[in-house]
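J.: Mind looking over this structure? Questions follow.
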Amino acid sequence: MKKILVLAFLASLTVSPLWADELVAKTNEELPVDQSDEFGPNQKWIERVEGTLGVPSSSDATSALNLGFGGGLAFGYRLDRHLSASIASGYYQYSLQNLPSGNTGGYFSYVPLEAVFNYNFGEGSFRPYVSFGFGAAFNTYSLTSSVQGNALQANVYETSFLLSPAIGFLQIVSPKAAIFVEARMDMDFRANGGSVGLADGTPSVFIPIQAGLTFFVI
């Protein structure tokens with residue numbers, strides 16, 4: 001009888017680890033798999049740099065300005081894996097189509113300073129997104145003339161309200177970097193502009209088409 005009990009005890013010691021391993025394996029199979037964040041778990045701060053082709057879009061801008069060029073920077077924080085908030089700025093300049101008599105050059109430019117909220121969709125490496133920015137535009141109306149061989153530049157400065165909705169997509173290339181393409185609508189509620197051929201008191205609309213790099217850092 002004692003031999004039987006000893007054999008049963010030894011058998012139970014052998015079977016128990018196997019049963020426990022099978023239970024753990026089965027439990028792990030039943031647990032939902034958590035989709036890891038493609039950006040990496042600790043990359044909360046965002047740095048973004050971009051180049052821009054600016055397209056005048058409202059009637060006052062298309063009649064007075066040529067295509068423009070510029071670039072921008074943004075620094076932000078990821079509030080969660082899809083939503084981020086940033087401070088963004090840049091510089092965008094548009095040359096004049098028709099120079100006023102007596103002038104040899106001229107342009108309109110603006111420097112935005114905005115708070116931008118961005119929401120991206122999806123869980124993979126390719127993510128469409130929408131964003132909305134609001135803040136101020138620091139406008140410059142500039143004309144250049146020549147007097148006795150000397151170039152004279154006359155500038156008028158103005159600060160106006162700016163709204164900037166946008167759509168785009170980003171392609172994650174590593175846990176700390178992504179490339180992006182974006183089309184934005186800048187609505188500049190300026191008041192001046194007659195000196196460079198822009199109608200006074202008319203909000204001007206520009207479509208900056210942008211591409212660049214976004215970096216995700218700790």
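Chain lettering (A, B, ...) mirrors the order of the structure tokens, residue numbering begins at 1 for each chain separately, and ligand numbering begins at 1 in order of display.
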Using only C-alpha atoms, determine which residues lie at most 6 Å from Asp188 in chain A, disregarding the query and same-chain residues fewer than 4 positions distant; provide the list as number ranges by chain.
T.: A: 162, 203-204
J.: Print the selection's residues with C-alpha atoms to a file, as a CSV table (one decimal), in the first residue's frame.
T.:
chain,number,residue,atom,x,y,z
A,162,LEU,CA,-5.0,83.3,-38.6
A,203,PRO,CA,-9.2,87.7,-45.5
A,204,SER,CA,-6.6,86.1,-47.8
J.: Excluding Met185 in chain A and residues on its chain fewer than 6 positions from it, collect all residues at most 12 Å away from it, counting only C-alpha atoms, and give them as a short mmCIF file (atom, residue, chain, number, x, y, z; two decimals) with N, CA and C atoms, in the first residue's frame.
T.:
data_model
loop_
_atom_site.label_atom_id
_atom_site.label_comp_id
_atom_site.auth_asym_id
_atom_site.auth_seq_id
_atom_site.Cartn_x
_atom_site.Cartn_y
_atom_site.Cartn_z
N GLY A 54 3.68 77.39 -51.51
CA GLY A 54 2.47 78.12 -51.16
C GLY A 54 1.66 78.50 -52.39
N VAL A 55 0.37 78.22 -52.36
CA VAL A 55 -0.52 78.50 -53.49
C VAL A 55 -1.55 79.55 -53.07
N PRO A 56 -1.51 80.77 -53.64
CA PRO A 56 -2.57 81.74 -53.36
C PRO A 56 -3.91 81.19 -53.84
N SER A 57 -4.97 81.32 -53.03
CA SER A 57 -6.23 80.67 -53.37
C SER A 57 -7.43 81.59 -53.40
N SER A 58 -7.49 82.59 -52.56
CA SER A 58 -8.62 83.53 -52.61
C SER A 58 -8.44 84.47 -53.79
N VAL A 130 -5.81 64.73 -39.46
CA VAL A 130 -6.39 66.06 -39.62
C VAL A 130 -5.81 66.94 -38.52
N SER A 131 -5.75 68.24 -38.79
CA SER A 131 -5.25 69.15 -37.76
C SER A 131 -5.98 70.48 -37.86
N PHE A 132 -5.91 71.23 -36.79
CA PHE A 132 -6.51 72.56 -36.76
C PHE A 132 -5.61 73.48 -35.95
N GLY A 133 -5.25 74.61 -36.56
CA GLY A 133 -4.40 75.59 -35.91
C GLY A 133 -5.06 76.95 -35.84
N PHE A 134 -4.73 77.71 -34.81
CA PHE A 134 -5.21 79.08 -34.70
C PHE A 134 -4.15 79.90 -33.97
N LEU A 162 -5.21 84.30 -37.57
CA LEU A 162 -4.95 83.25 -38.56
C LEU A 162 -5.61 81.95 -38.13
N LEU A 163 -6.30 81.31 -39.07
CA LEU A 163 -6.86 79.96 -38.88
C LEU A 163 -6.24 79.03 -39.90
N SER A 164 -5.95 77.77 -39.49
CA SER A 164 -5.23 76.86 -40.38
C SER A 164 -5.69 75.40 -40.23
N PRO A 165 -6.82 75.02 -40.81
CA PRO A 165 -7.16 73.59 -40.86
C PRO A 165 -6.28 72.88 -41.90
N ALA A 166 -6.07 71.58 -41.70
CA ALA A 166 -5.20 70.84 -42.61
C ALA A 166 -5.56 69.36 -42.63
N ILE A 167 -5.18 68.69 -43.72
CA ILE A 167 -5.27 67.24 -43.82
C ILE A 167 -3.93 66.74 -44.35
N GLY A 168 -3.59 65.50 -44.02
CA GLY A 168 -2.33 64.95 -44.50
C GLY A 168 -2.18 63.50 -44.10
N SER A 204 -7.30 86.76 -46.73
CA SER A 204 -6.62 86.08 -47.83
C SER A 204 -6.45 84.61 -47.49
N VAL A 205 -6.64 83.75 -48.49
CA VAL A 205 -6.54 82.31 -48.28
C VAL A 205 -5.36 81.79 -49.09
N PHE A 206 -4.51 81.02 -48.41
CA PHE A 206 -3.35 80.38 -49.05
C PHE A 206 -3.41 78.88 -48.75
N ILE A 207 -2.93 78.08 -49.70
CA ILE A 207 -2.85 76.63 -49.53
C ILE A 207 -1.37 76.23 -49.51
N PRO A 208 -0.77 76.15 -48.35
CA PRO A 208 0.60 75.62 -48.28
C PRO A 208 0.58 74.09 -48.45
N ILE A 209 1.33 73.60 -49.42
CA ILE A 209 1.51 72.17 -49.63
C ILE A 209 2.88 71.82 -49.06
N GLN A 210 2.89 70.96 -48.05
CA GLN A 210 4.10 70.77 -47.26
C GLN A 210 4.54 69.32 -47.24
#
J.: Could you tell me how far CA of Phe121 in chain A lies from CA of Gln171 in chain A, in Å and to one decimal?
T.: 11.8 Å
J.: Check the smallest atom-to-atom distance from each of A:Ser142, A:Thr214, A:Ser63, A:Thr202 to Phe75 in chain A using only C-alpha atoms, then report the winner.
T.: A:Thr214
J.: Which is closer to Phe216 in chain A than all the others in A:Pro128, A:Pro100, A:Pro175, A:Pro112, using only C-alpha atoms?
T.: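 Selected residue with least distance to Phe216 in chain A: A:Pro175.
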J.: Excluding same-chain residues fewer than 5 positions from Thr159 in chain A, what lies within 9 Å of it counting only C-alpha atoms, as a list in words?
T.: Ala136, Ala137, Phe138, Asn139, Thr140 and Arg190 of chain A
J.: Counting only C-alpha atoms, which of A:Gly122, A:Gly135, A:Gly72, A:Gly201 gets nearest to Tyr91 in chain A?
T.: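 Distance minimum relative to Tyr91 in chain A lands on A:Gly72.
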J.: Rank A:Ser109, A:Thr52, A:Ser59, A:Ser195 by their smallest atom-to-atom distance to Glu182 in chain A, using only C-alpha atoms, and report the top residue only.
T.: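 With only C-alpha atoms as the atom set, the closest residue is A:Thr52.
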J.: Go through A:Thr144, A:Asn120, A:Arg184, A:Gly193 one by one, measure the shortest atom-to-atom distance of each to Phe169 in chain A using only C-alpha atoms, and give the residue with the smallest value.
T.: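 With only C-alpha atoms as the atom set, the closest residue is A:Asn120.
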J.: Excluding Tyr119 in chain A and residues on its chain fewer than 6 positions from it, collect all residues at most 6 Å away from it, counting only C-alpha atoms, and give them as a compact mmCIF listing (two decimals) with C-alpha atoms, in the first residue's frame.
T.:
# COMPACT_ATOMS: atom_id res chain seq x y z
CA HIS A 82 -3.49 59.65 -31.69
CA LEU A 83 -3.81 63.24 -30.38
CA TYR A 129 -4.46 62.82 -40.00
CA VAL A 130 -6.39 66.06 -39.62
J.: Select from range 136-201 of chain A everything DSSP, run on the backbone, classes as strand (DSSP E or B), then give the selection as a PyMOL selection string.
T.: chain A and resi 136-147+150-174+177-184+186-189
J.: I want to know what sits within 7 Å of Glu50 in chain A, based on only C-alpha atoms, with residues of the same chain fewer than 5 positions away left out; could you give that as a list in words?
T.: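 Here the answer would be Gly71, Gly72, Leu73, Gln210, Ala211, Gly212 and Leu213 of chain A.
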J.: Report, in Å to a single decimal, how far apart CA of Glu114 in chain A and CA of Val217 in chain A are.
T.: 21.4 Å
J.: Contacts of Thr104 in chain A at 10 Å or less, counting only C-alpha atoms, minus same-chain residues fewer than 5 places along, as a tab-separated table (two decimals) with N, CA and C atoms, in the first residue's frame?
T.:
chain	number	residue	atom	x	y	z
A	99	LEU	N	4.07	94.87	-60.41
A	99	LEU	CA	4.71	95.87	-59.56
A	99	LEU	C	4.12	97.25	-59.82
A	143	LEU	N	7.84	96.81	-50.70
A	143	LEU	CA	8.10	97.33	-52.04
A	143	LEU	C	9.52	97.88	-52.09
A	144	THR	N	10.20	97.62	-53.21
A	144	THR	CA	11.57	98.09	-53.40
A	144	THR	C	11.60	99.04	-54.60
A	145	SER	N	12.29	100.15	-54.42
A	145	SER	CA	12.45	101.12	-55.51
A	145	SER	C	13.93	101.49	-55.60
A	146	SER	N	14.27	102.14	-56.71
A	146	SER	CA	15.65	102.56	-56.93
A	146	SER	C	15.69	104.08	-57.07
A	151	ALA	N	18.98	101.15	-53.80
A	151	ALA	CA	17.74	100.41	-53.56
A	151	ALA	C	17.15	100.83	-52.24
A	152	LEU	N	15.89	101.23	-52.29
A	152	LEU	CA	15.17	101.62	-51.09
A	152	LEU	C	14.00	100.65	-50.88
A	153	GLN	N	13.86	100.14	-49.66
A	153	GLN	CA	12.80	99.20	-49.36
A	153	GLN	C	11.84	99.82	-48.35
